[in-house]
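**Q** My structure is stored as input_22.pdb, with PDB, C-alpha atoms.
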MODEL        1
ATOM      1  CA  MET J   1     -60.113  -4.141  23.560
ATOM      2  CA  ALA J   2     -56.956  -3.560  25.608
ATOM      3  CA  THR J   3     -54.977  -5.804  23.247
ATOM      4  CA  ARG J   4     -56.203  -3.845  20.255
ATOM      5  CA  SER J   5     -55.255  -0.557  21.926
ATOM      6  CA  PHE J   6     -51.778  -1.904  22.710
ATOM      7  CA  LYS J   7     -51.269  -3.033  19.115
ATOM      8  CA  LEU J   8     -52.378   0.370  17.877
ATOM      9  CA  ARG J   9     -49.929   2.180  20.169
ATOM     10  CA  LEU J  10     -47.179  -0.216  19.107
ATOM     11  CA  HIS J  11     -47.987   0.458  15.455
ATOM     12  CA  VAL J  12     -47.877   4.217  15.989
ATOM     13  CA  LEU J  13     -44.588   3.967  17.899
ATOM     14  CA  GLY J  14     -43.027   1.765  15.220
ATOM     15  CA  SER J  15     -44.219   4.115  12.495
ATOM     16  CA  LYS J  16     -42.669   7.144  14.214
ATOM     17  CA  LEU J  17     -39.422   5.295  14.896
ATOM     18  CA  HIS J  18     -39.218   4.144  11.285
ATOM     19  CA  LYS J  19     -39.928   7.643  10.023
ATOM     20  CA  TRP J  20     -37.247   9.387  12.068
ATOM     21  CA  LEU J  21     -34.677   6.667  11.468
ATOM     22  CA  ALA J  22     -35.372   7.002   7.747
ATOM     23  CA  VAL J  23     -34.496  10.694   7.986
ATOM     24  CA  PHE J  24     -31.370  10.094  10.070
ATOM     25  CA  VAL J  25     -30.010   7.180   8.028
ATOM     26  CA  GLY J  26     -31.340   8.473   4.726
ATOM     27  CA  VAL J  27     -29.151  11.578   4.838
ATOM     28  CA  GLN J  28     -26.018   9.437   4.985
ATOM     29  CA  VAL J  29     -27.340   7.077   2.296
ATOM     30  CA  LEU J  30     -27.937  10.080   0.061
ATOM     31  CA  LEU J  31     -24.378  11.290   0.699
ATOM     32  CA  TRP J  32     -22.999   7.809  -0.058
ATOM     33  CA  MET J  33     -24.851   7.568  -3.336
ATOM     34  CA  ALA J  34     -24.180  11.118  -4.523
ATOM     35  CA  THR J  35     -20.493  11.180  -3.583
ATOM     36  CA  GLY J  36     -20.000   7.654  -4.952
ATOM     37  CA  ALA J  37     -21.416   8.719  -8.305
ATOM     38  CA  LEU J  38     -19.183  11.796  -8.312
ATOM     39  CA  MET J  39     -16.033   9.814  -7.452
ATOM     40  CA  SER J  40     -16.838   7.304 -10.201
ATOM     41  CA  PHE J  41     -17.043  10.158 -12.689
ATOM     42  CA  LEU J  42     -13.640  11.635 -11.779
ATOM     43  CA  ASP J  43     -10.413  10.369 -13.357
ATOM     44  CA  ILE J  44      -8.240   8.944 -10.564
ATOM     45  CA  GLU J  45      -5.028  10.006 -12.348
ATOM     46  CA  GLU J  46      -6.279  13.586 -12.465
ATOM     47  CA  VAL J  47      -7.335  13.388  -8.811
ATOM     48  CA  ARG J  48      -3.766  12.394  -7.909
ATOM     49  CA  SER J  49      -2.345  15.099 -10.233
ATOM     50  CA  GLU J  50      -0.332  12.423 -12.025
ATOM     51  CA  HIS J  51      -0.888  14.232 -15.323
ATOM     52  CA  VAL J  52       1.007  17.320 -14.125
ATOM     53  CA  VAL J  53       3.309  16.133 -11.305
ATOM     54  CA  SER J  54       6.007  13.497 -11.794
ATOM     55  CA  ARG J  55       6.987  11.216  -8.925
ATOM     56  CA  ALA J  56      10.047   9.882 -10.741
ATOM     57  CA  PRO J  57      13.206  10.037  -8.572
ATOM     58  CA  GLU J  58      16.132  12.198  -9.656
ATOM     59  CA  VAL J  59      19.257  10.615 -11.102
ATOM     60  CA  LEU J  60      22.358  10.953  -8.926
ATOM     61  CA  PRO J  61      24.903  13.458 -10.287
ATOM     62  CA  ALA J  62      28.004  12.088 -11.993
ATOM     63  CA  ASN J  63      30.280  13.296  -9.179
ATOM     64  CA  ALA J  64      28.268  11.553  -6.434
ATOM     65  CA  ALA J  65      30.265   9.204  -4.214
ATOM     66  CA  MET J  66      29.743   5.626  -5.391
ATOM     67  CA  PRO J  67      31.532   2.304  -4.798
ATOM     68  CA  GLU J  68      34.569   1.705  -6.999
ATOM     69  CA  TRP J  69      33.250  -1.678  -8.100
ATOM     70  CA  LEU J  70      30.138  -0.122  -9.680
ATOM     71  CA  ASP J  71      30.647  -0.793 -13.377
ATOM     72  CA  SER J  72      28.019   1.656 -14.677
ATOM     73  CA  ARG J  73      26.861   4.886 -13.056
ATOM     74  CA  GLU J  74      24.319   5.731 -15.728
ATOM     75  CA  GLY J  75      20.768   6.261 -14.476
ATOM     76  CA  VAL J  76      21.525   5.477 -10.832
ATOM     77  CA  VAL J  77      18.946   7.123  -8.551
ATOM     78  CA  SER J  78      19.868   5.548  -5.216
ATOM     79  CA  LEU J  79      22.308   3.273  -3.434
ATOM     80  CA  ALA J  80      21.309   1.838  -0.086
ATOM     81  CA  THR J  81      22.774  -0.635   2.361
ATOM     82  CA  ARG J  82      20.173  -3.019   3.742
ATOM     83  CA  ALA J  83      19.724  -6.526   5.076
ATOM     84  CA  VAL J  84      18.184  -9.206   2.871
ATOM     85  CA  GLY J  85      17.662 -12.660   4.307
ATOM     86  CA  GLY J  86      20.110 -11.946   7.115
ATOM     87  CA  ARG J  87      22.818 -10.731   4.733
ATOM     88  CA  THR J  88      24.094  -7.173   4.240
ATOM     89  CA  VAL J  89      23.713  -6.021   0.641
ATOM     90  CA  THR J  90      23.932  -2.858  -1.428
ATOM     91  CA  GLU J  91      20.759  -2.067  -3.330
ATOM     92  CA  ILE J  92      21.129  -0.120  -6.581
ATOM     93  CA  ARG J  93      18.086   1.484  -8.183
ATOM     94  CA  ARG J  94      18.086   3.063 -11.634
ATOM     95  CA  ASP J  95      15.735   5.451 -13.398
ATOM     96  CA  ASP J  96      14.326   2.665 -15.586
ATOM     97  CA  GLY J  97      12.893   1.018 -12.461
ATOM     98  CA  SER J  98      15.427  -1.808 -12.330
ATOM     99  CA  VAL J  99      16.871  -2.949  -9.004
ATOM    100  CA  THR J 100      19.996  -5.017  -8.393
ATOM    101  CA  LEU J 101      21.628  -6.317  -5.239
ATOM    102  CA  ARG J 102      25.396  -6.534  -4.852
ATOM    103  CA  ASP J 103      27.871  -7.525  -2.204
ATOM    104  CA  PRO J 104      28.937  -4.262  -0.499
ATOM    105  CA  ASN J 105      32.609  -5.315  -0.395
ATOM    106  CA  SER J 106      33.291  -7.138  -3.646
ATOM    107  CA  GLY J 107      30.424  -5.830  -5.763
ATOM    108  CA  ALA J 108      29.434  -9.381  -6.708
ATOM    109  CA  LEU J 109      25.956  -9.557  -8.224
ATOM    110  CA  LEU J 110      23.459 -11.187  -5.844
ATOM    111  CA  SER J 111      20.226 -10.791  -7.801
ATOM    112  CA  PRO J 112      18.054 -12.338  -9.022
ATOM    113  CA  LEU J 113      17.676 -14.101  -5.700
ATOM    114  CA  SER J 114      17.801 -17.859  -5.374
ATOM    115  CA  SER J 115      14.991 -20.000  -3.994
ATOM    116  CA  ALA J 116      16.907 -20.473  -0.734
ATOM    117  CA  SER J 117      17.341 -16.703  -0.312
ATOM    118  CA  ALA J 118      13.633 -16.119  -0.959
ATOM    119  CA  GLN J 119      12.712 -18.724   1.651
ATOM    120  CA  ALA J 120      15.048 -17.082   4.169
ATOM    121  CA  ILE J 121      13.308 -13.742   3.577
ATOM    122  CA  ALA J 122       9.894 -15.397   3.964
ATOM    123  CA  ARG J 123      10.902 -17.017   7.258
ATOM    124  CA  HIS J 124      12.163 -13.684   8.573
ATOM    125  CA  ALA J 125       8.947 -11.938   7.500
ATOM    126  CA  TRP J 126       6.655 -14.454   9.238
ATOM    127  CA  THR J 127       5.434 -13.252  12.656
ATOM    128  CA  GLY J 128       2.521 -15.648  13.211
ATOM    129  CA  PRO J 129       2.400 -18.998  15.029
ATOM    130  CA  PRO J 130       5.145 -21.476  14.096
ATOM    131  CA  THR J 131       4.628 -22.842  10.600
ATOM    132  CA  THR J 132       6.474 -24.284   7.640
ATOM    133  CA  ILE J 133       6.985 -23.288   4.030
ATOM    134  CA  ALA J 134       4.772 -25.468   1.864
ATOM    135  CA  THR J 135       5.741 -24.393  -1.659
ATOM    136  CA  THR J 136       8.150 -22.050  -3.423
ATOM    137  CA  ARG J 137       7.574 -20.972  -7.000
ATOM    138  CA  LEU J 138       9.092 -18.375  -9.316
ATOM    139  CA  ILE J 139       6.356 -16.546 -11.207
ATOM    140  CA  GLU J 140       6.648 -14.255 -14.210
ATOM    141  CA  GLY J 141       2.992 -13.417 -14.834
ATOM    142  CA  ALA J 142      -0.086 -12.187 -12.985
ATOM    143  CA  VAL J 143      -1.747 -14.542 -10.497
ATOM    144  CA  GLY J 144      -5.391 -13.551 -10.990
ATOM    145  CA  THR J 145      -6.215 -10.503  -8.898
ATOM    146  CA  GLU J 146      -3.915 -11.735  -6.139
ATOM    147  CA  PHE J 147      -0.647 -10.424  -7.539
ATOM    148  CA  ARG J 148       0.146  -8.371 -10.631
ATOM    149  CA  GLY J 149       3.839  -7.707 -10.385
ATOM    150  CA  PRO J 150       6.527  -6.590 -10.620
ATOM    151  CA  PHE J 151       8.075  -9.712 -12.097
ATOM    152  CA  PRO J 152       9.886 -11.985 -11.687
ATOM    153  CA  ALA J 153       8.827 -12.695  -8.122
ATOM    154  CA  TRP J 154       9.000 -15.600  -5.725
ATOM    155  CA  GLN J 155       5.679 -16.950  -4.480
ATOM    156  CA  ILE J 156       6.137 -18.493  -1.041
ATOM    157  CA  THR J 157       3.185 -20.397   0.442
ATOM    158  CA  TYR J 158       3.176 -21.027   4.184
ATOM    159  CA  GLY J 159       1.647 -24.089   5.803
ATOM    160  CA  ASP J 160      -0.753 -22.137   8.014
ATOM    161  CA  GLU J 161      -4.538 -22.598   8.146
ATOM    162  CA  ASP J 162      -5.214 -19.327   6.300
ATOM    163  CA  ASN J 163      -3.171 -20.463   3.285
ATOM    164  CA  THR J 164      -0.962 -17.366   3.463
ATOM    165  CA  ARG J 165       1.329 -16.477   0.585
ATOM    166  CA  VAL J 166       3.983 -13.821   0.229
ATOM    167  CA  TYR J 167       5.365 -12.464  -3.010
ATOM    168  CA  ILE J 168       9.028 -11.473  -2.907
ATOM    169  CA  ASP J 169      10.725  -9.374  -5.561
ATOM    170  CA  ALA J 170      13.405 -11.567  -7.126
ATOM    171  CA  SER J 171      15.501  -8.481  -7.884
ATOM    172  CA  SER J 172      15.321  -6.492  -4.642
ATOM    173  CA  GLY J 173      14.253  -9.088  -2.081
ATOM    174  CA  SER J 174      11.408  -6.840  -0.907
ATOM    175  CA  VAL J 175       8.156  -8.395   0.278
ATOM    176  CA  LEU J 176       5.728  -7.052  -2.315
ATOM    177  CA  ALA J 177       2.454  -8.535  -1.091
ATOM    178  CA  ALA J 178       0.938 -10.920   1.438
ATOM    179  CA  ARG J 179      -2.248 -12.795   0.581
ATOM    180  CA  SER J 180      -4.429 -15.188   2.573
ATOM    181  CA  ASP J 181      -7.886 -16.763   2.401
ATOM    182  CA  THR J 182      -9.147 -13.820   4.457
ATOM    183  CA  TRP J 183      -7.744 -11.420   1.851
ATOM    184  CA  ARG J 184      -9.257 -13.466  -0.987
ATOM    185  CA  LEU J 185     -12.697 -13.290   0.651
ATOM    186  CA  PHE J 186     -12.300  -9.529   1.119
ATOM    187  CA  ASP J 187     -11.152  -9.149  -2.493
ATOM    188  CA  PHE J 188     -14.259 -10.973  -3.733
ATOM    189  CA  ILE J 189     -16.566  -8.821  -1.594
ATOM    190  CA  TRP J 190     -14.708  -5.682  -2.698
ATOM    191  CA  GLY J 191     -15.294  -6.628  -6.337
ATOM    192  CA  LEU J 192     -19.023  -6.912  -5.662
ATOM    193  CA  HIS J 193     -18.988  -3.611  -3.775
ATOM    194  CA  ILE J 194     -17.380  -1.587  -6.574
ATOM    195  CA  MET J 195     -19.105  -3.639  -9.306
ATOM    196  CA  ASP J 196     -15.823  -4.726 -10.874
ATOM    197  CA  TRP J 197     -16.114  -8.498 -11.024
ATOM    198  CA  THR J 198     -12.884  -9.198 -12.931
ATOM    199  CA  GLN J 199     -10.100  -6.702 -12.177
ATOM    200  CA  ARG J 200     -11.497  -5.480  -8.833
ATOM    201  CA  ASP J 201      -9.574  -2.227  -8.917
ATOM    202  CA  ARG J 202     -11.694   0.049 -11.108
ATOM    203  CA  ILE J 203     -13.777   2.530  -9.135
ATOM    204  CA  ASN J 204     -14.906   4.599 -12.110
ATOM    205  CA  SER J 205     -16.719   2.045 -14.255
ATOM    206  CA  TRP J 206     -19.918   3.012 -16.034
ATOM    207  CA  TRP J 207     -21.782   0.351 -14.057
ATOM    208  CA  LEU J 208     -20.829   1.978 -10.762
ATOM    209  CA  LEU J 209     -21.582   5.461 -12.097
ATOM    210  CA  LEU J 210     -25.039   4.494 -13.385
ATOM    211  CA  PHE J 211     -26.006   2.699 -10.187
ATOM    212  CA  GLY J 212     -24.652   5.593  -8.113
ATOM    213  CA  ILE J 213     -26.824   8.053 -10.028
ATOM    214  CA  GLY J 214     -29.790   5.684  -9.790
ATOM    215  CA  GLY J 215     -29.283   5.288  -6.049
ATOM    216  CA  THR J 216     -29.128   9.055  -5.621
ATOM    217  CA  ILE J 217     -32.436   9.460  -7.457
ATOM    218  CA  ILE J 218     -34.009   6.744  -5.293
ATOM    219  CA  ALA J 219     -32.750   8.420  -2.103
ATOM    220  CA  VAL J 220     -34.021  11.864  -3.140
ATOM    221  CA  SER J 221     -37.410  10.508  -4.192
ATOM    222  CA  GLY J 222     -37.559   8.620  -0.886
ATOM    223  CA  PHE J 223     -37.174  11.900   0.993
ATOM    224  CA  VAL J 224     -39.996  13.372  -1.081
ATOM    225  CA  LEU J 225     -42.263  10.460  -0.176
ATOM    226  CA  LEU J 226     -41.145  10.586   3.445
ATOM    227  CA  ALA J 227     -42.054  14.253   3.701
ATOM    228  CA  ASN J 228     -45.693  13.347   3.037
ATOM    229  CA  ARG J 229     -45.735  11.159   6.139
ATOM    230  CA  PHE J 230     -44.977  13.998   8.524
ATOM    231  CA  PRO J 231     -48.018  15.643  10.132
ATOM    232  CA  ARG J 232     -48.839  18.909   8.487
ATOM    233  CA  ILE J 233     -49.382  22.017  10.522
ATOM    234  CA  ARG J 234     -52.742  23.218   9.592
ATOM    235  CA  ARG J 235     -53.257  26.863   9.891
ATOM    236  CA  ARG J 236     -56.702  27.993  10.743
ATOM    237  CA  ALA J 237     -58.005  30.462   8.289
ATOM    238  CA  LYS J 238     -58.737  33.769   9.839
ATOM    239  CA  HIS J 239     -62.144  35.085   9.098
ATOM    240  CA  VAL J 240     -61.909  38.536   7.726
ATOM    241  CA  PRO J 241     -65.141  40.455   8.316
ATOM    242  CA  ASN J 242     -66.810  41.598   5.184
ATOM    243  CA  ALA J 243     -66.846  45.264   4.586
ATOM    244  CA  PRO J 244     -70.262  46.850   5.278
TER     245      PRO J 244
ENDMDL
END
Any chance you could put this one into structure tokens?
**A**
Amino acid sequence: MATRSFKLRLHVLGSKLHKWLAVFVGVQVLLWMATGALMSFLDIEEVRSEHVVSRAPEVLPANAAMPEWLDSREGVVSLATRAVGGRTVTEIRRDDGSVTLRDPNSGALLSPLSSASAQAIARHAWTGPPTTIATTRLIEGAVGTEFRGPFPAWQITYGDEDNTRVYIDASSGSVLAARSDTWRLFDFIWGLHIMDWTQRDRINSWWLLLFGIGGTIIAVSGFVLLANRFPRIRRRAKHVPNAP
């Protein structure tokens, strides 16, 4: 008898705990579903105001101070002195997106970078435990979802346990991306999360929108069902004496 009473109390306690947790967690689940459906419906370019605001850099004026060895000043948006692979270079960017590296003294063209220069940049970028460079490859096309440009780029694979790779812009020497087995696992999970199994970068697919709306309906209907589990306050009817 005592065991049965204990089980009954445990059942009642578990039922109450489940009920209140459902309310507490359910509110956030409802917000996740509803806001996820809304974000999937919105155009990301419009969200970023890319349709009305240009981020393109301004072209330097014709009278701007530039090195004498610069053969063409057309479309130049910036000149910067920086270090690439332990060497001082002048980086020239133009309004068409192109980047070139030159020797700051002679103006000699240094880009596209050689394999040795790319490896030097990769060694300088590495901050993990001592390792080696396993492979070096010049790529001119997308590598799955791992890297999509710009091209050409050097793919440097380290000899570490996580199979880390860096992608270095062959024109500017900038490290464009770093990928590892940990990143590849995350990328796969991310694709499942946003329901984009191929590109893994689309957050406004119809699949995601439909499931977001469906999840919102499930969450709302769950609250309706949950409301029926709460004890109702019964009001006692007041007896009104009949008129004589």
**Q** Evaluate the PyMOL selection byres ((chain J and resi 74-85) around 6) against this structure - the residues, as a PDB file with C-alpha atoms, in the coordinates of the input, please.
**A**
ATOM      1  CA  GLU J  58      16.132  12.198  -9.656  1.00  0.00           C
ATOM      2  CA  VAL J  59      19.257  10.615 -11.102  1.00  0.00           C
ATOM      3  CA  LEU J  60      22.358  10.953  -8.926  1.00  0.00           C
ATOM      4  CA  SER J  72      28.019   1.656 -14.677  1.00  0.00           C
ATOM      5  CA  ARG J  73      26.861   4.886 -13.056  1.00  0.00           C
ATOM      6  CA  GLY J  86      20.110 -11.946   7.115  1.00  0.00           C
ATOM      7  CA  ARG J  87      22.818 -10.731   4.733  1.00  0.00           C
ATOM      8  CA  THR J  88      24.094  -7.173   4.240  1.00  0.00           C
ATOM      9  CA  VAL J  89      23.713  -6.021   0.641  1.00  0.00           C
ATOM     10  CA  THR J  90      23.932  -2.858  -1.428  1.00  0.00           C
ATOM     11  CA  GLU J  91      20.759  -2.067  -3.330  1.00  0.00           C
ATOM     12  CA  ILE J  92      21.129  -0.120  -6.581  1.00  0.00           C
ATOM     13  CA  ARG J  93      18.086   1.484  -8.183  1.00  0.00           C
ATOM     14  CA  ARG J  94      18.086   3.063 -11.634  1.00  0.00           C
ATOM     15  CA  ASP J  95      15.735   5.451 -13.398  1.00  0.00           C
ATOM     16  CA  ALA J 120      15.048 -17.082   4.169  1.00  0.00           C
ATOM     17  CA  ILE J 121      13.308 -13.742   3.577  1.00  0.00           C
TER      18      ILE J 121
END
**Q** Residues within 10 Å of (4.5, -6.5, -9.9), file coordinates, counting all atoms listed in the file: what are they? Give the list as a ChimeraX atom specification.
**A** /J:140-142,147-153,167-169,176-177
**Q** Can I get the selection written as a short mmCIF file (atom, residue, chain, number, x, y, z; two decimals), keeping the file's coordinate frame, with C-alpha atoms?
**A**
data_model
loop_
_atom_site.label_atom_id
_atom_site.label_comp_id
_atom_site.auth_asym_id
_atom_site.auth_seq_id
_atom_site.Cartn_x
_atom_site.Cartn_y
_atom_site.Cartn_z
CA GLU J 140 6.65 -14.26 -14.21
CA GLY J 141 2.99 -13.42 -14.83
CA ALA J 142 -0.09 -12.19 -12.98
CA PHE J 147 -0.65 -10.42 -7.54
CA ARG J 148 0.15 -8.37 -10.63
CA GLY J 149 3.84 -7.71 -10.38
CA PRO J 150 6.53 -6.59 -10.62
CA PHE J 151 8.07 -9.71 -12.10
CA PRO J 152 9.89 -11.98 -11.69
CA ALA J 153 8.83 -12.70 -8.12
CA TYR J 167 5.36 -12.46 -3.01
CA ILE J 168 9.03 -11.47 -2.91
CA ASP J 169 10.72 -9.37 -5.56
CA LEU J 176 5.73 -7.05 -2.32
CA ALA J 177 2.45 -8.54 -1.09
#
**Q** For Thr198 of chain J, which residue among J:Gly212, J:Gly144, J:Ala134, J:Arg165 is the nearest when counting only C-alpha atoms?
**A**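 Ranked by minimum distance to Thr198 of chain J, first place goes to J:Gly144.
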**Q** Hey, which of J:Thr35, J:Ser205, J:Gln199, J:Thr132 ends up closest to Thr145 of chain J? Count only C-alpha atoms.
**A** J:Gln199
**Q** If you measure from atom CA of Ile139 of chain J to atom CA of Ile156 of chain J, what distance in Å do you get, rounded to one decimal?
**A**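 About the pair atom CA of Ile139 of chain J and atom CA of Ile156 of chain J: they are 10.4 Å apart.
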**Q** Determine the residue set returned by the PyMOL selection byres ((chain J and resi 37-51) around 10) for the present structure, and present it as a ChimeraX atom specification.
**A** /J:31-36,52-55,194,202-216
**Q** So that I can check the surroundings of Glu146 of chain J, please list as a list in words every protein, DNA and RNA residue that reaches within 9 Å of it, counting only C-alpha atoms and ignoring chain neighbours fewer than 5 positions away.
**A**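 Residues meeting the cut-off are Ala177, Arg179, Trp183, Arg184 and Asp187 of chain J.
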**Q** Report, in Å with one decimal, the straight-line distance from atom CA of Ser106 of chain J to atom CA of Ala62 of chain J.
**A** 21.6 Å
**Q** Report as a PDB file with C-alpha atoms, in the coordinates of the input all protein, DNA and RNA residues lying within 10 Å of segment 17-24 of chain J, evaluated on all atoms listed in the file, omitting residues in the same chain fewer than 3 positions from it.
**A**
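Result written to part24.pdb:
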ATOM      1  CA  HIS J  11     -47.987   0.458  15.455  1.00  0.00           C
ATOM      2  CA  VAL J  12     -47.877   4.217  15.989  1.00  0.00           C
ATOM      3  CA  LEU J  13     -44.588   3.967  17.899  1.00  0.00           C
ATOM      4  CA  GLY J  14     -43.027   1.765  15.220  1.00  0.00           C
ATOM      5  CA  VAL J  27     -29.151  11.578   4.838  1.00  0.00           C
ATOM      6  CA  GLN J  28     -26.018   9.437   4.985  1.00  0.00           C
ATOM      7  CA  VAL J  29     -27.340   7.077   2.296  1.00  0.00           C
ATOM      8  CA  GLY J 222     -37.559   8.620  -0.886  1.00  0.00           C
ATOM      9  CA  PHE J 223     -37.174  11.900   0.993  1.00  0.00           C
ATOM     10  CA  LEU J 226     -41.145  10.586   3.445  1.00  0.00           C
ATOM     11  CA  ALA J 227     -42.054  14.253   3.701  1.00  0.00           C
ATOM     12  CA  ARG J 229     -45.735  11.159   6.139  1.00  0.00           C
ATOM     13  CA  PHE J 230     -44.977  13.998   8.524  1.00  0.00           C
TER      14      PHE J 230
END
**Q** Export C-alpha atoms of segment 150-192 of chain J from the structure just given, as a short mmCIF file (atom, residue, chain, number, x, y, z; two decimals), in the first residue's frame?
**A**
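Saved file out.cif follows:
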data_model
loop_
_atom_site.label_atom_id
_atom_site.label_comp_id
_atom_site.auth_asym_id
_atom_site.auth_seq_id
_atom_site.Cartn_x
_atom_site.Cartn_y
_atom_site.Cartn_z
CA PRO J 150 38.02 33.90 -54.95
CA PHE J 151 40.29 32.13 -57.42
CA PRO J 152 43.02 31.30 -58.08
CA ALA J 153 43.99 30.30 -54.56
CA TRP J 154 46.61 28.12 -52.94
CA GLN J 155 45.32 25.19 -50.89
CA ILE J 156 47.83 24.35 -48.17
CA THR J 157 47.21 21.19 -46.13
CA TYR J 158 48.99 20.85 -42.79
CA GLY J 159 50.12 17.54 -41.33
CA ASP J 160 48.13 17.90 -38.11
CA GLU J 161 45.59 15.39 -36.76
CA ASP J 162 42.61 17.62 -37.64
CA ASN J 163 43.58 17.68 -41.32
CA THR J 164 43.65 21.49 -41.36
CA ARG J 165 43.77 23.38 -44.64
CA VAL J 166 44.20 27.04 -45.40
CA TYR J 167 43.25 28.78 -48.61
CA ILE J 168 45.51 31.67 -49.61
CA ASP J 169 44.62 34.23 -52.26
CA ALA J 170 47.20 33.86 -55.02
CA SER J 171 46.82 37.55 -55.88
CA SER J 172 46.88 39.24 -52.47
CA GLY J 173 48.46 36.63 -50.22
CA SER J 174 45.58 36.93 -47.75
CA VAL J 175 44.44 33.87 -45.81
CA LEU J 176 40.89 33.48 -47.12
CA ALA J 177 39.71 30.47 -45.13
CA ALA J 178 40.83 27.78 -42.71
CA ARG J 179 39.11 24.39 -42.74
CA SER J 180 39.54 21.29 -40.58
CA ASP J 181 37.72 18.03 -39.83
CA THR J 182 35.99 19.84 -36.97
CA TRP J 183 34.75 22.49 -39.42
CA ARG J 184 33.61 19.81 -41.88
CA LEU J 185 31.57 18.09 -39.15
CA PHE J 186 30.03 21.44 -38.17
CA ASP J 187 29.29 22.22 -41.82
CA PHE J 188 27.46 18.90 -42.22
CA ILE J 189 25.41 19.48 -39.07
CA TRP J 190 24.69 23.06 -40.15
CA GLY J 191 23.34 21.77 -43.47
CA LEU J 192 20.96 19.47 -41.61
#
